[in-house]
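Undergrad: The following file, query-v7.cif, comprises mmCIF, C-alpha atoms:
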```cif
data_coords
#
loop_
_atom_site.label_atom_id
_atom_site.label_comp_id
_atom_site.auth_asym_id
_atom_site.auth_seq_id
_atom_site.Cartn_x
_atom_site.Cartn_y
_atom_site.Cartn_z
CA MET A 1 14.60 -24.76 25.32
CA MET A 2 12.92 -26.39 22.32
CA ASN A 3 14.82 -26.89 19.07
CA PRO A 4 14.14 -24.14 16.51
CA PHE A 5 12.62 -24.60 13.08
CA LEU A 6 14.61 -23.89 9.94
CA ILE A 7 12.84 -21.71 7.38
CA ILE A 8 14.40 -22.10 3.95
CA GLN A 9 13.69 -18.86 2.11
CA THR A 10 13.62 -19.35 -1.66
CA GLY A 11 12.35 -15.95 -2.72
CA ARG A 12 10.90 -12.58 -1.72
CA PRO A 13 7.36 -11.21 -1.91
CA THR A 14 6.40 -9.11 -4.88
CA VAL A 15 7.78 -5.57 -4.48
CA SER A 16 4.51 -3.98 -3.41
CA MET A 17 4.13 -6.51 -0.57
CA ARG A 18 7.63 -6.31 0.92
CA ARG A 19 6.57 -3.64 3.40
CA HIS A 20 4.72 -6.46 5.18
CA GLY A 21 7.91 -8.46 5.70
CA SER A 22 9.44 -11.55 4.15
CA PHE A 23 7.88 -14.92 3.32
CA ALA A 24 9.77 -16.32 6.29
CA HIS A 25 8.18 -13.71 8.56
CA TRP A 26 4.68 -14.49 7.28
CA ILE A 27 5.25 -18.20 7.86
CA ARG A 28 6.74 -17.74 11.32
CA VAL A 29 3.82 -15.59 12.47
CA ALA A 30 1.16 -17.87 10.97
CA ALA A 31 2.85 -20.90 12.54
CA GLY A 32 2.80 -19.27 15.98
CA LEU A 33 6.59 -19.29 16.33
CA GLU A 34 8.49 -16.69 18.34
CA ARG A 35 11.54 -15.00 16.82
CA ASP A 36 13.96 -17.30 18.65
CA GLU A 37 12.03 -20.38 17.52
CA ALA A 38 12.95 -20.02 13.84
CA ILE A 39 16.20 -19.62 11.95
CA VAL A 40 15.99 -18.29 8.40
CA VAL A 41 18.43 -19.26 5.65
CA ASP A 42 18.06 -17.31 2.40
CA VAL A 43 19.16 -19.84 -0.20
CA GLU A 44 18.13 -17.61 -3.10
CA ALA A 45 20.65 -15.04 -1.83
CA GLY A 46 23.37 -17.69 -1.72
CA GLU A 47 23.31 -18.61 1.96
CA ALA A 48 24.39 -22.18 2.65
CA LEU A 49 22.05 -24.64 4.29
CA PRO A 50 23.22 -25.87 7.70
CA SER A 51 23.42 -29.34 9.12
CA ARG A 52 20.04 -30.84 9.99
CA GLU A 53 21.14 -31.43 13.55
CA GLY A 54 19.41 -29.37 16.21
CA PHE A 55 16.32 -28.42 14.18
CA ALA A 56 12.79 -29.56 14.98
CA GLY A 57 11.88 -29.40 11.29
CA ALA A 58 12.14 -27.27 8.16
CA VAL A 59 9.68 -25.18 6.14
CA VAL A 60 10.42 -24.17 2.53
CA THR A 61 8.88 -20.90 1.30
CA GLY A 62 7.39 -19.84 -1.99
CA SER A 63 9.33 -18.04 -4.72
CA ALA A 64 8.89 -16.17 -7.98
CA ALA A 65 11.45 -18.57 -9.48
CA MET A 66 10.44 -21.72 -11.35
CA VAL A 67 11.66 -25.16 -10.30
CA THR A 68 12.09 -26.04 -13.99
CA GLU A 69 14.76 -23.32 -14.30
CA ARG A 70 17.07 -25.65 -12.35
CA LEU A 71 18.89 -22.72 -10.75
CA ASP A 72 22.06 -23.62 -8.84
CA TRP A 73 20.72 -22.57 -5.43
CA SER A 74 17.49 -24.44 -6.11
CA GLU A 75 19.20 -27.67 -7.11
CA ARG A 76 21.49 -27.50 -4.07
CA SER A 77 18.42 -27.02 -1.90
CA ALA A 78 16.74 -29.99 -3.60
CA ASP A 79 19.75 -32.17 -2.75
CA TRP A 80 19.53 -31.05 0.89
CA LEU A 81 15.79 -31.74 1.00
CA ARG A 82 16.21 -35.17 -0.53
CA ASP A 83 18.72 -36.15 2.15
CA ALA A 84 16.57 -34.60 4.89
CA ALA A 85 13.44 -36.43 3.73
CA HIS A 86 15.23 -39.78 3.61
CA ALA A 87 16.64 -39.09 7.07
CA GLY A 88 13.12 -38.55 8.42
CA MET A 89 13.34 -34.83 9.18
CA PRO A 90 9.91 -33.16 9.39
CA LEU A 91 9.55 -31.04 6.23
CA LEU A 92 6.86 -28.74 4.89
CA GLY A 93 7.14 -27.21 1.41
CA ILE A 94 4.84 -24.33 0.42
CA CYS A 95 4.11 -23.47 -3.24
CA TYR A 96 7.64 -23.36 -4.73
CA GLY A 97 8.75 -25.39 -1.72
CA HIS A 98 6.05 -27.98 -2.47
CA GLN A 99 7.26 -28.26 -6.05
CA LEU A 100 10.93 -28.31 -5.03
CA LEU A 101 10.32 -31.11 -2.54
CA ALA A 102 8.45 -33.13 -5.17
CA HIS A 103 11.29 -32.56 -7.67
CA ALA A 104 13.87 -33.56 -5.05
CA LEU A 105 12.07 -36.85 -4.45
CA GLY A 106 11.69 -37.75 -8.12
CA GLY A 107 8.35 -36.16 -9.00
CA GLN A 108 7.62 -34.10 -12.11
CA VAL A 109 7.09 -30.33 -11.98
CA GLY A 110 5.99 -28.12 -14.87
CA TYR A 111 3.58 -25.47 -16.03
CA ASN A 112 0.01 -26.33 -15.14
CA PRO A 113 -1.91 -27.01 -18.38
CA ASN A 114 -4.86 -25.12 -16.88
CA GLY A 115 -2.78 -21.97 -16.57
CA ARG A 116 -2.51 -19.65 -13.59
CA GLU A 117 -4.42 -20.36 -10.40
CA MET A 118 -4.94 -17.31 -8.20
CA GLY A 119 -7.16 -16.15 -5.39
CA THR A 120 -9.14 -17.92 -2.71
CA VAL A 121 -9.80 -21.37 -4.13
CA CYS A 122 -11.71 -24.42 -2.94
CA VAL A 123 -9.51 -27.40 -2.10
CA GLU A 124 -10.87 -30.91 -1.56
CA ARG A 125 -9.37 -33.25 0.99
CA GLN A 126 -8.87 -36.72 -0.47
CA PRO A 127 -10.10 -39.89 1.29
CA GLN A 128 -6.53 -41.04 1.92
CA ALA A 129 -6.00 -37.91 4.06
CA GLN A 130 -8.45 -39.00 6.76
CA HIS A 131 -5.65 -40.30 9.01
CA ASP A 132 -3.00 -37.75 8.04
CA PRO A 133 -1.57 -35.79 11.01
CA LEU A 134 -1.99 -32.43 9.23
CA PHE A 135 -5.17 -33.02 7.21
CA ALA A 136 -7.35 -35.42 9.23
CA ALA A 137 -9.16 -32.66 11.12
CA LEU A 138 -9.92 -30.58 8.02
CA PRO A 139 -13.34 -30.62 6.36
CA GLU A 140 -13.75 -32.36 3.03
CA ARG A 141 -13.71 -28.97 1.29
CA PHE A 142 -11.98 -25.86 2.55
CA PRO A 143 -10.84 -22.52 1.11
CA ALA A 144 -7.16 -21.74 0.63
CA GLN A 145 -5.08 -18.95 -0.91
CA ALA A 146 -3.26 -19.84 -4.13
CA THR A 147 -1.03 -18.14 -6.67
CA HIS A 148 1.02 -20.27 -9.07
CA LEU A 149 1.77 -21.11 -12.67
CA GLN A 150 3.66 -24.37 -12.14
CA SER A 151 2.41 -27.46 -10.32
CA VAL A 152 3.41 -30.95 -9.30
CA LEU A 153 2.33 -32.78 -12.45
CA GLN A 154 3.45 -36.18 -11.17
CA PRO A 155 3.95 -36.75 -7.43
CA PRO A 156 7.04 -38.63 -6.27
CA GLU A 157 6.81 -42.40 -6.25
CA GLY A 158 5.19 -43.54 -3.03
CA ALA A 159 3.68 -40.12 -2.24
CA VAL A 160 0.08 -39.84 -1.04
CA VAL A 161 -2.00 -37.06 -2.60
CA LEU A 162 -3.88 -35.41 0.26
CA ALA A 163 -5.76 -32.61 -1.49
CA SER A 164 -6.70 -31.51 -5.00
CA ASN A 165 -9.18 -29.46 -6.99
CA ALA A 166 -10.33 -29.14 -10.59
CA HIS A 167 -7.36 -26.92 -11.42
CA ASP A 168 -4.60 -28.90 -9.73
CA GLY A 169 -4.58 -32.63 -9.15
CA CYS A 170 -1.93 -32.38 -6.44
CA HIS A 171 -2.60 -29.47 -4.11
CA ALA A 172 -0.97 -31.35 -1.26
CA PHE A 173 0.99 -34.57 -0.77
CA ARG A 174 2.82 -36.48 1.91
CA TRP A 175 5.93 -38.52 1.24
CA GLY A 176 6.84 -41.01 3.94
CA ALA A 177 5.75 -40.09 7.44
CA GLN A 178 7.35 -36.67 7.83
CA ALA A 179 7.47 -34.72 4.52
CA TRP A 180 4.56 -32.64 3.20
CA GLY A 181 4.04 -30.35 0.23
CA LEU A 182 1.29 -27.72 -0.08
CA GLN A 183 0.63 -25.94 -3.36
CA PHE A 184 -1.58 -23.41 -1.58
CA HIS A 185 -0.32 -20.78 0.87
CA PRO A 186 -1.41 -21.41 4.47
CA GLU A 187 0.60 -18.36 5.58
CA PHE A 188 -1.31 -15.89 3.36
CA SER A 189 -3.91 -13.66 4.97
CA ALA A 190 -6.76 -12.25 2.90
CA GLY A 191 -4.75 -9.01 2.73
CA HIS A 192 -1.69 -10.81 1.37
CA MET A 193 -3.84 -12.47 -1.28
CA ARG A 194 -5.48 -9.24 -2.39
CA GLY A 195 -2.06 -7.59 -2.55
CA TYR A 196 -0.77 -10.33 -4.83
CA ILE A 197 -3.80 -10.12 -7.09
CA HIS A 198 -3.31 -6.36 -7.41
CA ALA A 199 0.39 -6.86 -8.20
CA ARG A 200 -0.49 -9.31 -10.98
CA LYS A 201 -3.39 -7.31 -12.46
CA ASP A 202 -1.64 -6.67 -15.80
CA ALA A 203 -0.73 -10.34 -16.28
CA LEU A 204 -4.24 -11.35 -15.27
CA ALA A 205 -5.75 -8.94 -17.79
CA GLN A 206 -3.57 -10.37 -20.55
CA GLU A 207 -4.85 -13.82 -19.62
CA GLY A 208 -8.46 -12.66 -19.73
CA SER A 209 -8.99 -12.60 -15.97
CA SER A 210 -10.25 -9.72 -13.85
CA ALA A 211 -8.16 -8.72 -10.86
CA GLU A 212 -11.17 -6.88 -9.43
CA ARG A 213 -13.33 -9.99 -9.63
CA LEU A 214 -10.65 -12.20 -8.09
CA ALA A 215 -10.00 -9.69 -5.29
CA ALA A 216 -13.72 -9.47 -4.53
CA GLY A 217 -13.78 -13.24 -4.08
CA VAL A 218 -10.95 -13.34 -1.53
CA SER A 219 -11.89 -14.52 1.96
CA ALA A 220 -10.12 -15.62 5.12
CA THR A 221 -8.80 -19.20 5.11
CA PRO A 222 -8.40 -20.20 8.76
CA ARG A 223 -8.65 -23.95 8.16
CA ALA A 224 -5.79 -23.92 5.67
CA ARG A 225 -3.78 -21.74 8.06
CA GLU A 226 -4.19 -24.34 10.82
CA ILE A 227 -1.94 -26.70 8.88
CA LEU A 228 1.15 -24.68 9.80
CA ARG A 229 0.48 -24.99 13.52
CA ARG A 230 -0.33 -28.67 13.17
CA PHE A 231 3.02 -29.16 11.44
CA VAL A 232 4.81 -27.41 14.30
CA ARG A 233 3.05 -29.57 16.90
CA HIS A 234 3.68 -32.75 14.92
CA ALA A 235 7.38 -32.00 14.43
CA ARG A 236 7.88 -31.23 18.12
CA ARG A 237 6.32 -34.53 19.12
#
```
Can the structure from this file be put into structure tokens for me?
TA:
Amino acid sequence: MMNPFLIIQTGRPTVSMRRHGSFAHWIRVAAGLERDEAIVVDVEAGEALPSREGFAGAVVTGSAAMVTERLDWSERSADWLRDAAHAGMPLLGICYGHQLLAHALGGQVGYNPNGREMGTVCVERQPQAQHDPLFAALPERFPAQATHLQSVLQPPEGAVVLASNAHDGCHAFRWGAQAWGLQFHPEFSAGHMRGYIHARKDALAQEGSSAERLAAGVSATPRAREILRRFVRHARR
């Protein structure tokens, strides 16, 4: 039997989307993992992270929390991720997880000066990603689902920026050979994205954005979604 993956759950979907399951469930399904191939630890709820031994790799979910809040559970998780990254464990951080991994490794996280990014956005693969195990097969430009206010403003020392766009200069990075961060959500379907836009319609209106317009622009993002399965294959090798 293959070693399971650890999914570090750092938050829950917005209330209106919880009927579709947890972030961990969305990630497991998108990654092609069976129920017995993933173990979920809810760090936001106070669950303790286990030893790294026996896991093929770890995926860190998104969250409504902010890394800059320096919450106790978040800082403990950052310590665990720092040790895991230095030990060479395969890691993949998504949205909050991307920012938390960058923070753990010495990068700078904060509110994006361009404000909120939400909807199906165009992400550009950087030239240095052409030999990356997760990004090499992607086209130079591909759509991805995004919803965030904070970003990695300064990647960790030694990190390679793999993808960016006009809104966010670090949409993805790799640190070392085994640790990746993705600001976008490869686990989100078009339905998930539209649900999030609807849930944020009041905030979007206050910011001068139209939820209807953003929702109309949502499309499927199969190339971004592939990254999860590539991570699983890479970690198992």
Undergrad: Which residues of segment 1-50 of chain A come within 9 Å of segment 177-187 of chain A, and what is each one's closest atom pair and distance in Å (one decimal), counting only C-alpha atoms, sorted by chain and residue number, as CSV?
TA:
```
residue,atom,partner,partner_atom,distance
A:Phe23,CA,A:Glu187,CA,8.4
A:Trp26,CA,A:Glu187,CA,5.9
A:Ile27,CA,A:Glu187,CA,5.2
A:Arg28,CA,A:Glu187,CA,8.4
A:Val29,CA,A:Glu187,CA,8.1
A:Ala30,CA,A:Glu187,CA,5.4
A:Ala31,CA,A:Glu187,CA,7.7
```
Undergrad: Those same residues - C-alpha atoms - I'd like them written as a short mmCIF file (atom, residue, chain, number, x, y, z; two decimals), keeping the file's coordinate frame.
TA:
```cif
data_model
loop_
_atom_site.label_atom_id
_atom_site.label_comp_id
_atom_site.auth_asym_id
_atom_site.auth_seq_id
_atom_site.Cartn_x
_atom_site.Cartn_y
_atom_site.Cartn_z
CA PHE A 23 7.88 -14.92 3.32
CA TRP A 26 4.68 -14.49 7.28
CA ILE A 27 5.25 -18.20 7.86
CA ARG A 28 6.74 -17.74 11.32
CA VAL A 29 3.82 -15.59 12.47
CA ALA A 30 1.16 -17.87 10.97
CA ALA A 31 2.85 -20.90 12.54
#
```
Undergrad: For this structure, which residues satisfy the selection - the PyMOL selection byres ((chain A and resi 135) around 9) - when it is evaluated on the file as given? I want them as a list in words.
TA: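 When the PyMOL selection byres ((chain A and resi 135) around 9) is applied, the selected residues are Arg125, Ala129, Gln130, His131, Asp132, Pro133, Leu134, Ala136, Ala137, Leu138, Pro139, Leu162, Ala163, Ile227 and Arg230 of chain A.
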Undergrad: Quick one: of A:Pro127, A:Gly62, A:Gly158, A:Gly191, who's nearest to Glu140 of chain A, counting all atoms listed in the file?
TA: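 Using all atoms listed in the file, Glu140 of chain A sits closest to A:Pro127.
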Undergrad: Nearest to Val152 of chain A among A:Asn112, A:Thr14, A:Thr61, A:Thr221, with distances taken over all atoms listed in the file: which residue is it?
TA: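 Going through A:Asn112, A:Thr14, A:Thr61, A:Thr221 one by one, the smallest distance to Val152 of chain A is for A:Asn112.
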Undergrad: Please write out, as AutoDock Vina command-line options, where the centre of an axis-aligned box around all listed atoms of segment 155-159 of chain A lies and how long its edges are, in Å to one decimal, after adding 5 Å on each side.
TA:
```
--center_x 5.4 --center_y -40.1 --center_z -4.8 --size_x 13.4 --size_y 16.8 --size_z 15.2
```
Undergrad: Taking the file above as input, evaluate the PyMOL selection byres ((chain A and resi 167-169) around 8) and report the hits as an MDAnalysis selection string.
TA: chainID A and resid 112 114 117 151 153 163:166 170:171
